[in-house]
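Here is start.cif, consisting of mmCIF, C-alpha atoms and all ligand atoms:
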```cif
data_query
#
loop_
_atom_site.label_atom_id
_atom_site.label_comp_id
_atom_site.auth_asym_id
_atom_site.auth_seq_id
_atom_site.Cartn_x
_atom_site.Cartn_y
_atom_site.Cartn_z
CA MET A 124 3.87 83.21 180.65
CA THR A 125 4.22 81.51 177.30
CA HIS A 126 7.54 81.22 175.63
CA LYS A 127 8.96 80.20 172.31
CA ASN A 128 12.44 78.89 171.78
CA GLN A 129 13.53 78.62 168.14
CA SER A 130 15.82 75.60 168.62
CA VAL A 131 13.52 73.00 170.17
CA TRP A 132 11.30 70.64 168.15
CA TYR A 133 8.49 69.69 170.55
CA PRO A 134 6.84 66.22 170.57
CA PHE A 135 3.28 65.56 169.38
CA THR A 136 2.98 69.22 168.39
CA GLN A 137 2.00 70.99 165.17
CA ALA A 138 4.33 73.96 165.60
CA LYS A 139 2.56 76.02 162.96
CA THR A 140 -0.72 76.23 164.86
CA ALA A 141 0.07 75.25 168.47
CA PRO A 142 0.06 77.91 171.17
CA ASP A 143 3.50 78.72 172.60
CA PRO A 144 4.56 76.25 175.32
CA ILE A 145 4.37 77.30 178.97
CA LYS A 146 7.76 77.65 180.58
CA ILE A 147 8.06 75.90 183.94
CA SER A 148 10.95 76.81 186.19
CA ARG A 149 10.23 74.80 189.33
CA ALA A 150 7.92 72.11 190.63
CA LYS A 151 7.02 70.80 194.08
CA GLY A 152 4.44 68.16 195.00
CA ILE A 153 1.43 68.63 192.73
CA GLU A 154 2.47 72.17 191.73
CA LEU A 155 4.25 73.36 188.62
CA ILE A 156 5.52 76.93 188.89
CA THR A 157 5.84 78.96 185.73
CA GLN A 158 8.66 81.36 184.92
CA ASP A 159 6.50 84.29 186.01
CA GLY A 160 5.38 82.67 189.25
CA LYS A 161 1.97 81.29 188.32
CA VAL A 162 1.02 77.91 189.84
CA LEU A 163 -0.46 75.08 187.76
CA ILE A 164 -1.74 71.88 189.41
CA ASP A 165 -0.30 68.90 187.55
CA CYS A 166 -3.49 66.88 186.98
CA VAL A 167 -1.84 64.50 184.50
CA SER A 168 1.30 63.54 186.47
CA SER A 169 3.41 65.03 183.66
CA TRP A 170 2.42 62.55 180.94
CA TRP A 171 1.65 59.85 183.53
CA VAL A 172 5.17 59.50 184.92
CA ASN A 173 5.05 61.21 188.31
CA LEU A 174 3.95 59.16 191.33
CA HIS A 175 4.73 60.82 194.66
CA GLY A 176 4.87 64.47 193.64
CA HIS A 177 7.50 66.61 191.95
CA ALA A 178 10.98 67.05 193.41
CA HIS A 179 10.33 64.49 196.14
CA PRO A 180 13.26 64.90 198.57
CA HIS A 181 13.74 61.15 199.15
CA ILE A 182 14.21 60.41 195.46
CA SER A 183 16.37 63.46 194.74
CA LYS A 184 18.60 62.60 197.70
CA ARG A 185 19.11 59.03 196.48
CA ILE A 186 19.96 60.21 192.97
CA TYR A 187 22.47 62.71 194.38
CA GLU A 188 24.13 60.06 196.53
CA GLN A 189 24.26 57.60 193.64
CA ALA A 190 25.72 60.25 191.31
CA GLN A 191 28.61 60.72 193.72
CA THR A 192 29.27 56.97 193.91
CA LEU A 193 28.70 55.44 190.47
CA GLU A 194 26.90 57.51 187.83
CA HIS A 195 27.04 54.96 185.03
CA VAL A 196 28.94 51.94 183.81
CA ILE A 197 28.65 49.62 180.81
CA PHE A 198 26.14 46.85 181.63
CA ALA A 199 27.51 43.95 179.59
CA GLY A 200 30.13 41.87 181.32
CA ILE A 201 29.64 44.22 184.29
CA THR A 202 26.92 44.49 186.91
CA HIS A 203 26.19 46.74 189.86
CA GLU A 204 24.29 46.79 193.13
CA PRO A 205 21.44 49.23 192.21
CA ALA A 206 20.46 47.16 189.14
CA GLU A 207 20.59 43.85 191.03
CA GLN A 208 18.59 45.24 193.92
CA LEU A 209 15.97 46.74 191.63
CA ALA A 210 15.59 43.55 189.59
CA ASP A 211 15.18 41.47 192.80
CA LYS A 212 12.67 43.96 194.14
CA LEU A 213 10.56 44.03 190.94
CA ILE A 214 10.51 40.24 190.75
CA ALA A 215 9.33 40.04 194.39
CA LEU A 216 6.71 42.77 193.82
CA THR A 217 5.25 40.86 190.88
CA HIS A 218 4.84 37.73 193.03
CA GLN A 219 7.75 35.70 191.57
CA ILE A 220 5.86 35.11 188.30
CA TYR A 221 8.93 36.45 186.51
CA SER A 222 12.49 35.34 186.86
CA LYS A 223 14.28 37.91 184.70
CA CYS A 224 14.33 41.67 184.38
CA PHE A 225 15.71 43.27 181.17
CA PHE A 226 16.54 46.98 181.42
CA SER A 227 16.01 49.65 178.78
CA ASP A 228 15.23 53.35 178.62
CA ASN A 229 11.56 54.10 177.97
CA GLY A 230 8.13 52.59 177.42
CA SER A 231 8.58 52.05 173.70
CA THR A 232 11.84 50.17 174.13
CA SER A 233 10.34 48.00 176.87
CA VAL A 234 7.68 46.99 174.32
CA GLU A 235 10.26 46.40 171.57
CA VAL A 236 12.19 44.13 173.94
CA ALA A 237 9.06 42.12 174.75
CA LEU A 238 8.14 41.79 171.06
CA LYS A 239 11.65 40.70 170.11
CA GLN A 240 11.95 38.27 173.02
CA ALA A 241 8.54 36.77 172.24
CA TYR A 242 9.40 36.30 168.59
CA GLN A 243 12.87 34.91 169.32
CA TYR A 244 11.48 32.55 171.95
CA TRP A 245 9.71 30.71 169.12
CA HIS A 246 12.52 31.23 166.65
CA ASN A 247 15.03 29.62 169.04
CA GLN A 248 12.81 26.51 169.07
CA GLY A 249 12.64 26.30 165.29
CA GLN A 250 9.12 27.74 165.10
CA THR A 251 10.12 30.53 162.74
CA GLN A 252 6.62 30.72 161.26
CA ARG A 253 5.31 32.32 164.47
CA LYS A 254 5.60 35.91 163.32
CA LYS A 255 2.19 37.41 163.93
CA PHE A 256 1.11 39.56 166.83
CA ILE A 257 -2.42 40.19 168.09
CA CYS A 258 -3.49 43.49 169.63
CA PHE A 259 -6.64 45.33 170.63
CA GLU A 260 -8.07 48.03 168.43
CA GLY A 261 -7.23 51.39 170.05
CA GLY A 262 -4.12 50.09 171.82
CA TYR A 263 -1.06 52.31 172.10
CA HIS A 264 2.40 50.93 172.80
CA GLY A 265 4.86 53.68 171.89
CA ASP A 266 6.40 55.39 168.88
CA THR A 267 9.17 53.04 167.68
CA PHE A 268 8.48 50.81 164.66
CA GLY A 269 7.35 47.62 166.39
CA ALA A 270 5.29 49.57 168.88
CA MET A 271 3.78 51.64 166.05
CA ALA A 272 2.74 48.48 164.23
CA LEU A 273 0.84 47.25 167.29
CA GLY A 274 -0.67 50.69 167.81
CA LYS A 275 -1.62 51.33 164.18
CA SER A 276 -5.29 51.75 164.98
CA SER A 277 -4.51 54.73 167.23
CA ARG A 278 -4.08 56.69 163.95
CA PHE A 279 -1.01 58.50 165.25
CA PHE A 280 1.22 56.83 162.67
CA THR A 281 -0.54 57.14 159.31
CA PRO A 282 2.56 58.37 157.35
CA PHE A 283 4.46 55.21 158.31
CA GLU A 284 1.76 52.66 157.67
CA SER A 285 3.46 51.04 154.69
CA PHE A 286 6.47 50.17 156.87
CA LEU A 287 4.55 48.57 159.70
CA PHE A 288 4.29 44.78 160.00
CA GLU A 289 0.89 43.17 159.82
CA VAL A 290 -1.03 42.77 163.06
CA LEU A 291 -4.23 40.92 163.94
CA GLU A 292 -6.66 43.32 165.58
CA VAL A 293 -9.41 42.45 168.04
CA PRO A 294 -12.27 44.90 168.80
CA TYR A 295 -12.04 46.40 172.29
CA PRO A 296 -15.12 46.20 174.54
CA GLU A 297 -14.90 49.58 176.21
CA ILE A 298 -16.94 50.24 179.34
CA GLY A 299 -19.30 53.12 178.70
CA GLN A 300 -22.76 54.07 179.86
CA ASP A 301 -23.09 50.48 181.14
CA LEU A 302 -21.41 51.66 184.32
CA LYS A 303 -24.67 53.13 185.46
CA GLY A 304 -26.32 49.73 185.80
CA ASP A 305 -27.43 47.82 182.73
CA ILE A 306 -24.43 45.80 181.60
CA SER A 307 -26.15 43.72 178.91
CA ASP A 308 -24.66 45.96 176.18
CA LEU A 309 -21.19 45.54 177.60
CA GLU A 310 -21.60 41.77 177.85
CA LEU A 311 -22.59 41.71 174.21
CA LYS A 312 -19.54 43.77 173.21
CA GLU A 313 -17.29 41.49 175.27
CA LYS A 314 -18.75 38.42 173.61
CA GLU A 315 -18.14 39.89 170.15
CA SER A 316 -14.52 40.68 171.04
CA PHE A 317 -13.95 37.28 172.58
CA ASP A 318 -15.43 35.54 169.53
CA ALA A 319 -13.25 37.65 167.24
CA LEU A 320 -10.17 36.61 169.22
CA LYS A 321 -11.23 32.97 169.04
CA LYS A 322 -11.65 33.21 165.29
CA ILE A 323 -8.24 34.83 164.83
CA ILE A 324 -6.60 32.07 166.88
CA LEU A 325 -8.39 29.41 164.86
CA THR A 326 -7.44 30.98 161.52
CA HIS A 327 -3.81 31.86 162.28
CA LYS A 328 -3.01 29.20 164.90
CA ASN A 329 0.66 28.28 164.78
CA THR A 330 1.72 31.47 163.08
CA ILE A 331 0.98 33.67 166.10
CA ALA A 332 3.82 34.65 168.43
CA ALA A 333 2.03 36.71 171.07
CA MET A 334 -0.73 39.11 171.98
CA ILE A 335 0.01 42.51 173.54
CA LEU A 336 -2.46 44.58 175.52
CA GLU A 337 -2.84 47.41 177.99
CA PRO A 338 -4.68 45.78 180.90
CA LEU A 339 -7.82 47.47 182.33
CA VAL A 340 -7.19 50.88 180.73
CA GLN A 341 -6.13 51.87 177.22
CA GLY A 342 -4.42 55.17 177.99
CA ALA A 343 -3.55 57.15 174.87
CA SER A 344 -6.68 56.25 172.93
CA GLY A 345 -8.79 57.96 175.58
CA MET A 346 -8.70 56.20 178.97
CA ARG A 347 -10.85 53.38 177.60
CA MET A 348 -11.55 50.88 180.35
CA ALA A 349 -12.35 47.16 180.21
CA ARG A 350 -13.43 44.67 182.86
CA PRO A 351 -10.83 42.40 184.50
CA GLU A 352 -13.06 39.32 183.94
CA PHE A 353 -12.92 39.97 180.22
CA ILE A 354 -9.12 40.37 180.20
CA LYS A 355 -8.83 37.12 182.15
CA ARG A 356 -11.00 35.20 179.69
CA CYS A 357 -8.85 36.41 176.78
CA VAL A 358 -5.57 35.55 178.49
CA ASP A 359 -6.84 32.10 179.47
CA LEU A 360 -7.86 31.44 175.87
CA LEU A 361 -4.46 32.59 174.58
CA HIS A 362 -2.61 30.42 177.05
CA GLU A 363 -4.78 27.38 176.25
CA ASN A 364 -3.69 27.91 172.66
CA ASN A 365 -0.02 28.23 173.48
CA ILE A 366 0.20 31.94 172.59
CA LEU A 367 2.40 34.25 174.67
CA VAL A 368 0.85 37.23 176.42
CA ILE A 369 2.54 40.62 176.86
CA PHE A 370 1.04 43.09 179.32
CA ASP A 371 2.03 46.65 178.53
CA GLU A 372 1.76 48.21 181.99
CA VAL A 373 3.85 51.23 181.04
CA MET A 374 0.97 53.48 182.11
CA THR A 375 -1.06 51.20 184.41
CA GLY A 376 1.91 50.05 186.52
CA PHE A 377 2.83 51.36 189.99
CA GLY A 378 -0.62 51.94 191.39
CA ARG A 379 -2.43 53.87 188.69
CA THR A 380 -5.34 51.42 188.50
CA GLY A 381 -5.72 50.93 192.26
CA THR A 382 -3.40 47.95 192.75
CA MET A 383 0.37 48.01 192.32
CA PHE A 384 -0.09 46.44 188.86
CA ALA A 385 -3.26 46.06 186.81
CA PHE A 386 -2.63 42.36 186.14
CA GLU A 387 -3.18 41.66 189.85
CA GLN A 388 -6.88 42.48 189.39
CA CYS A 389 -7.22 40.02 186.49
CA ASP A 390 -6.09 36.82 188.24
CA ILE A 391 -3.72 35.77 185.47
CA GLU A 392 0.02 35.50 184.83
CA PRO A 393 1.15 37.27 181.68
CA ASP A 394 4.40 35.97 180.12
CA PHE A 395 5.89 39.46 179.85
CA LEU A 396 5.37 42.66 181.79
CA CYS A 397 6.50 46.03 180.38
CA LEU A 398 7.04 48.80 182.94
CA SER A 399 8.31 52.35 182.57
CA LYS A 400 6.68 55.77 183.19
CA GLY A 401 6.22 55.58 187.00
CA LEU A 402 9.19 53.24 187.51
CA THR A 403 11.54 56.00 188.72
CA GLY A 404 8.75 58.01 190.34
CA GLY A 405 8.89 60.31 187.31
CA PHE A 406 12.52 61.38 187.79
CA LEU A 407 14.55 59.59 185.11
CA PRO A 408 13.91 57.68 181.89
CA MET A 409 14.11 53.95 182.53
CA SER A 410 12.11 50.82 181.77
CA VAL A 411 12.12 47.09 182.32
CA THR A 412 10.70 44.07 180.54
CA LEU A 413 10.02 41.22 182.94
CA SER A 414 9.86 37.67 181.58
CA THR A 415 9.35 34.17 182.94
CA GLN A 416 11.93 31.43 183.40
CA LYS A 417 10.37 29.51 180.48
CA ILE A 418 11.13 32.42 178.13
CA PHE A 419 14.66 32.90 179.45
CA GLU A 420 15.59 29.25 179.10
CA SER A 421 14.82 29.20 175.38
CA PHE A 422 17.72 31.67 174.89
CA LEU A 423 20.31 29.40 176.55
CA ASP A 424 22.69 27.65 174.19
CA ASP A 425 26.38 27.00 173.59
CA SER A 426 26.38 29.40 170.67
CA PHE A 427 25.67 33.16 170.70
CA ASN A 428 23.04 32.71 167.97
CA LYS A 429 20.29 32.04 170.45
CA ALA A 430 21.25 34.90 172.81
CA PHE A 431 19.16 38.05 172.98
CA SER A 432 21.29 40.40 170.96
CA HIS A 433 19.88 43.69 172.19
CA GLY A 434 21.02 46.43 174.56
CA HIS A 435 21.13 50.22 174.94
CA SER A 436 23.99 52.53 175.89
CA TYR A 437 22.35 53.58 179.15
CA THR A 438 20.96 50.16 180.04
CA ALA A 439 20.38 49.84 183.81
CA ASN A 440 21.73 53.34 184.46
CA PRO A 441 22.58 53.41 188.20
CA LEU A 442 20.94 56.81 188.72
CA GLY A 443 17.67 55.49 187.28
CA CYS A 444 17.92 52.35 189.42
CA ALA A 445 18.54 54.45 192.55
CA ALA A 446 15.52 56.61 191.73
CA ALA A 447 13.34 53.52 191.19
CA LEU A 448 14.47 51.94 194.47
CA ALA A 449 13.76 55.20 196.30
CA SER A 450 10.32 55.43 194.71
CA LEU A 451 9.48 51.88 195.82
CA GLU A 452 10.64 52.74 199.36
CA ILE A 453 8.21 55.66 199.37
CA PHE A 454 5.35 53.23 198.69
CA GLU A 455 6.14 51.77 202.14
CA LEU A 456 7.17 54.95 203.94
CA GLU A 457 4.12 56.96 202.88
CA LYS A 458 1.60 54.11 202.62
CA THR A 459 1.04 55.10 199.01
CA LEU A 460 -1.49 52.35 198.26
CA ASP A 461 -3.75 53.85 200.97
CA LYS A 462 -3.43 57.27 199.35
CA ILE A 463 -4.46 55.69 196.08
CA GLN A 464 -7.58 54.27 197.74
CA SER A 465 -8.51 57.67 199.11
CA ILE A 466 -8.11 59.35 195.71
CA ASN A 467 -10.46 56.68 194.37
CA LYS A 468 -12.94 57.45 197.16
CA VAL A 469 -13.03 61.15 196.25
CA TYR A 470 -13.85 60.15 192.66
CA THR A 471 -16.67 57.81 193.66
CA ASP A 472 -18.07 60.51 195.96
CA ARG A 473 -18.06 63.04 193.13
CA ILE A 474 -19.08 60.92 190.12
CA SER A 475 -22.75 61.91 190.42
CA ASP A 476 -21.83 65.59 189.89
CA PHE A 477 -20.59 64.61 186.44
CA ASN A 478 -23.35 62.15 185.63
CA ALA A 479 -25.75 65.05 186.17
CA LEU A 480 -24.20 67.10 183.33
CA CYS A 481 -26.05 66.82 180.03
CA TYR A 482 -22.96 67.44 177.86
CA VAL A 483 -20.93 64.71 179.57
CA GLU A 484 -21.05 60.96 178.98
CA LYS A 485 -19.23 57.75 179.96
CA VAL A 486 -18.03 58.99 183.33
CA ARG A 487 -15.60 56.30 184.48
CA ILE A 488 -13.12 55.51 187.21
CA GLN A 489 -10.30 53.03 187.58
CA GLY A 490 -8.02 53.47 190.60
CA THR A 491 -6.54 56.98 190.39
CA ILE A 492 -7.87 57.59 186.88
CA PHE A 493 -11.06 59.57 186.42
CA ALA A 494 -12.34 60.19 182.88
CA PHE A 495 -15.37 61.37 180.97
CA ASN A 496 -16.26 62.20 177.38
CA ILE A 497 -17.68 65.48 176.23
CA LYS A 498 -20.53 64.79 173.84
CA SER A 499 -19.18 65.99 170.52
CA ASP A 500 -19.23 65.06 166.83
CA ASP A 501 -15.56 65.91 166.74
CA SER A 502 -13.85 63.20 168.79
CA GLY A 503 -10.30 62.62 167.40
CA TYR A 504 -7.05 63.38 169.26
CA GLN A 505 -7.13 66.89 167.76
CA ALA A 506 -10.79 67.57 168.63
CA LYS A 507 -11.29 71.33 169.04
CA VAL A 508 -13.12 70.92 172.32
CA GLY A 509 -10.01 69.33 173.86
CA LEU A 510 -7.80 72.26 172.86
CA LYS A 511 -10.34 74.70 174.25
CA ILE A 512 -10.54 72.87 177.58
CA LYS A 513 -6.78 72.74 177.88
CA GLN A 514 -6.67 76.53 177.59
CA GLU A 515 -9.55 77.06 180.00
CA ALA A 516 -7.84 74.75 182.52
CA ILE A 517 -4.63 76.78 182.33
CA ASP A 518 -6.55 79.99 182.92
CA LYS A 519 -7.93 78.35 186.08
CA GLY A 520 -4.56 77.05 187.29
CA LEU A 521 -4.83 73.41 186.16
CA LEU A 522 -2.65 71.41 183.79
CA LEU A 523 -4.97 69.08 181.90
CA ARG A 524 -4.28 67.43 178.57
CA PRO A 525 -7.53 66.11 177.14
CA LEU A 526 -7.29 63.26 174.62
CA GLY A 527 -9.61 64.74 172.01
CA ASN A 528 -13.03 64.97 173.65
CA VAL A 529 -11.91 62.84 176.60
CA VAL A 530 -11.11 64.77 179.77
CA TYR A 531 -9.27 62.88 182.48
CA LEU A 532 -7.54 63.27 185.82
CA LEU A 533 -4.45 61.22 186.64
CA PRO A 534 -2.82 63.12 189.51
CA PRO A 535 0.32 62.43 191.54
CA TYR A 536 -0.61 60.28 194.56
CA CYS A 537 0.39 63.00 197.04
CA ILE A 538 -2.65 65.11 196.12
CA GLU A 539 -4.71 65.96 199.23
CA HIS A 540 -8.49 65.50 199.42
CA GLY A 541 -9.09 69.24 199.60
CA ASP A 542 -6.95 69.94 196.53
CA LEU A 543 -8.54 67.13 194.54
CA ASN A 544 -12.02 68.38 195.40
CA ASP A 545 -10.96 71.92 194.37
CA VAL A 546 -9.72 70.58 191.04
CA ILE A 547 -13.07 68.83 190.50
CA ASP A 548 -15.03 71.94 191.51
CA LYS A 549 -13.07 73.97 188.97
CA ILE A 550 -13.68 71.46 186.19
CA LEU A 551 -17.40 71.57 186.92
CA THR A 552 -17.35 75.32 186.18
CA PHE A 553 -15.80 74.85 182.71
CA ASN A 554 -17.66 76.04 179.68
CA PHE A 555 -17.62 72.87 177.56
CA PHE A 556 -19.01 74.42 174.37
C1 LIG B 1 3.46 55.96 177.11
C2 LIG B 1 3.23 54.55 176.75
C3 LIG B 1 4.18 53.83 176.02
C4 LIG B 1 5.43 54.46 175.46
O1 LIG B 1 6.29 54.92 176.45
P1 LIG B 1 7.40 56.00 176.10
O2 LIG B 1 8.20 56.11 177.34
O3 LIG B 1 6.66 57.26 175.77
O4 LIG B 1 8.17 55.49 174.95
C5 LIG B 1 3.94 52.48 175.78
N1 LIG B 1 2.83 51.89 176.23
C6 LIG B 1 1.90 52.55 176.95
C7 LIG B 1 0.71 51.82 177.44
C8 LIG B 1 2.06 53.91 177.22
O5 LIG B 1 1.12 54.57 177.90
#
```

Final structure tokens representation of the file:
Amino acid sequence: MTHKNQSVWYPFTQAKTAPDPIKISRAKGIELITQDGKVLIDCVSSWWVNLHGHAHPHISKRIYEQAQTLEHVIFAGITHEPAEQLADKLIALTHQIYSKCFFSDNGSTSVEVALKQAYQYWHNQGQTQRKKFICFEGGYHGDTFGAMALGKSSRFFTPFESFLFEVLEVPYPEIGQDLKGDISDLELKEKESFDALKKIILTHKNTIAAMILEPLVQGASGMRMARPEFIKRCVDLLHENNILVIFDEVMTGFGRTGTMFAFEQCDIEPDFLCLSKGLTGGFLPMSVTLSTQKIFESFLDDSFNKAFSHGHSYTANPLGCAAALASLEIFELEKTLDKIQSINKVYTDRISDFNALCYVEKVRIQGTIFAFNIKSDDSGYQAKVGLKIKQEAIDKGLLLRPLGNVVYLLPPYCIEHGDLNDVIDKILTFNFF
């Protein structure tokens, strides 16, 4: 079943010690089928990108049709229908908060675009001293240099630290055992974070360009969840102090947290929204950075100097746009938001099974994300217990990818009740030691 090719350099992998990768030849719905015919349930939506299931016929059909009409064209001085339709659709879906949609290729580039636009927004108005960015400890925003700087505390980027620009870090008040009732600990943690943010704003005032955050759930650092009320308080404070706010919804976007976008649960209007992963339903690499009219207007001028001088070869690729439009149609056709609610209901029905386990802690749910920690002294991304669970899952027909000692489910929305309950039953039989 496993397979090693000598030519490929795999991502986030220590090739010297990693087990050989599993070769997948086909996929359908929630199932990945290996070269030798074994079925694995994709419990992580293939690194959080898949929405409606693998090889969804509606999306593949639209890509095929688009490929026969216009596969790609330069996107400067030229435009096309799929890009215009998608931009209109995304602006409507995000309640007209945004007036512009900038296309790029992946989550990291959508973050780079937001960082550059936020900085240049101030620069274009002569406020060149506004160079600093605020982030939450534990945030992850991608692997390019700007994104790495903001995600320094994730510890994925230690070799590059001397290259990364300075960031102002705020402690993150993660929901934990408080979920079971007593929230006084959480309120205390939130107060400490909020006070830290206040102090940073007071100290660095007019030198801050923006704050970036993953709303409601920090994904890569271990599905760490925070309350919407807390996010709202922070954003309100930032806006009162004239600091721009970037929501990195690369993972949380398109239904993952229960609503179409996480920001909708926080009752605020971020200045930028970064979307990728689920944008094309998991078919093609594409991302967008949405921004408000206020941001856009600061780039207008008679000279090119104030323009946003950024763009990628495959910007607004028509195939990606067609896939994204098809994926958004499926939300209507298949009543996807209802499916999301029923996934959430299965989780809430089963949470007590996990709370009863003595080796498990911090069992938590947000929308279609279910996560818990295995009590362990070894809790980093490379924690041994995570590697062991990954192997045990494969033996039982599940694709899981624990983040250190954090085990989570983030399935495609097409998963049926019965299958989701089977997955949970299997996980409950794992040997966690
Ligand atoms: C995955 C992720 C990114 C980076 O996206 P890529 O497509 O992998 O570059 C950025 N932000 C968040 C919150 C993510 O989960």

Closest contacts (chain A/ligand LIG 1 (chain B), max 8 Å, all atoms listed in the file) as a tab-separated table:
```
residue	atom	partner	partner_atom	distance
A:Trp170	CA	B:LIG1	C1	7.7
A:Trp171	CA	B:LIG1	C1	7.7
A:Asp228	CA	B:LIG1	O2	7.7
A:Asn229	CA	B:LIG1	O2	4.0
A:Gly230	CA	B:LIG1	O1	3.1
A:Ser231	CA	B:LIG1	O4	3.7
A:Thr232	CA	B:LIG1	O4	6.5
A:Ser233	CA	B:LIG1	C5	7.9
A:Val234	CA	B:LIG1	C5	6.8
A:Gly262	CA	B:LIG1	C7	7.6
A:Tyr263	CA	B:LIG1	C7	5.6
A:His264	CA	B:LIG1	N1	3.6
A:Gly265	CA	B:LIG1	C4	3.7
A:Asp266	CA	B:LIG1	O4	6.3
A:Thr267	CA	B:LIG1	O4	7.7
A:Ala270	CA	B:LIG1	C5	7.6
A:Glu337	CA	B:LIG1	C7	5.7
A:Gln341	CA	B:LIG1	C7	6.8
A:Gly342	CA	B:LIG1	O5	5.6
A:Ala343	CA	B:LIG1	O5	6.1
A:Asp371	CA	B:LIG1	C7	5.4
A:Glu372	CA	B:LIG1	C7	5.9
A:Val373	CA	B:LIG1	C6	4.7
A:Met374	CA	B:LIG1	O5	4.4
A:Thr375	CA	B:LIG1	C7	7.2
A:Ser399	CA	B:LIG1	O2	6.4
A:Lys400	CA	B:LIG1	O2	6.1
A:Pro408	CA	B:LIG1	O2	7.5
A:Ser410	CA	B:LIG1	O2	7.9
```

Please save C-alpha atoms of the selected residues as an mmCIF file, keeping the file's coordinate frame.
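Output contents, as saved in out.cif:
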```
data_model
loop_
_atom_site.group_PDB
_atom_site.id
_atom_site.type_symbol
_atom_site.label_atom_id
_atom_site.label_comp_id
_atom_site.auth_asym_id
_atom_site.auth_seq_id
_atom_site.Cartn_x
_atom_site.Cartn_y
_atom_site.Cartn_z
ATOM 1 C CA TRP A 170 2.420 62.550 180.940
ATOM 2 C CA TRP A 171 1.650 59.850 183.530
ATOM 3 C CA ASP A 228 15.230 53.350 178.620
ATOM 4 C CA ASN A 229 11.560 54.100 177.970
ATOM 5 C CA GLY A 230 8.130 52.590 177.420
ATOM 6 C CA SER A 231 8.580 52.050 173.700
ATOM 7 C CA THR A 232 11.840 50.170 174.130
ATOM 8 C CA SER A 233 10.340 48.000 176.870
ATOM 9 C CA VAL A 234 7.680 46.990 174.320
ATOM 10 C CA GLY A 262 -4.120 50.090 171.820
ATOM 11 C CA TYR A 263 -1.060 52.310 172.100
ATOM 12 C CA HIS A 264 2.400 50.930 172.800
ATOM 13 C CA GLY A 265 4.860 53.680 171.890
ATOM 14 C CA ASP A 266 6.400 55.390 168.880
ATOM 15 C CA THR A 267 9.170 53.040 167.680
ATOM 16 C CA ALA A 270 5.290 49.570 168.880
ATOM 17 C CA GLU A 337 -2.840 47.410 177.990
ATOM 18 C CA GLN A 341 -6.130 51.870 177.220
ATOM 19 C CA GLY A 342 -4.420 55.170 177.990
ATOM 20 C CA ALA A 343 -3.550 57.150 174.870
ATOM 21 C CA ASP A 371 2.030 46.650 178.530
ATOM 22 C CA GLU A 372 1.760 48.210 181.990
ATOM 23 C CA VAL A 373 3.850 51.230 181.040
ATOM 24 C CA MET A 374 0.970 53.480 182.110
ATOM 25 C CA THR A 375 -1.060 51.200 184.410
ATOM 26 C CA SER A 399 8.310 52.350 182.570
ATOM 27 C CA LYS A 400 6.680 55.770 183.190
ATOM 28 C CA PRO A 408 13.910 57.680 181.890
ATOM 29 C CA SER A 410 12.110 50.820 181.770
#
```

Within 6 Å of A:Arg253, counting only C-alpha atoms, which residues show up once you throw out same-chain ones fewer than 5 positions away? Write them as an MDAnalysis selection string, please. chainID A and resid 330:332

The distance between atom CA of A:Leu521 and atom CA of A:Asp165 is 6.5 Å

- Message: Residues near A:Ser421, anyone? I mean within 10 Å using only C-alpha atoms, not counting same-chain ones fewer than 3 positions away, as a VMD selection string.
- Response: chain A and resid 240 243 to 248 416 to 418 424 429 to 430

Worksheet entry | Residue nearest A:Gly381 among A:Glu457, A:Ile369, A:Leu336, A:Thr491 (counting all atoms listed in the file) |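 Between A:Glu457, A:Ile369, A:Leu336, A:Thr491, the residue approaching A:Gly381 most closely is A:Thr491.
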
Spatial neighbours of A:Leu367, max dist 7 Å, all atoms listed in the file, sep filter under 6 positions, as a ChimeraX atom specification: /A:332-334,394
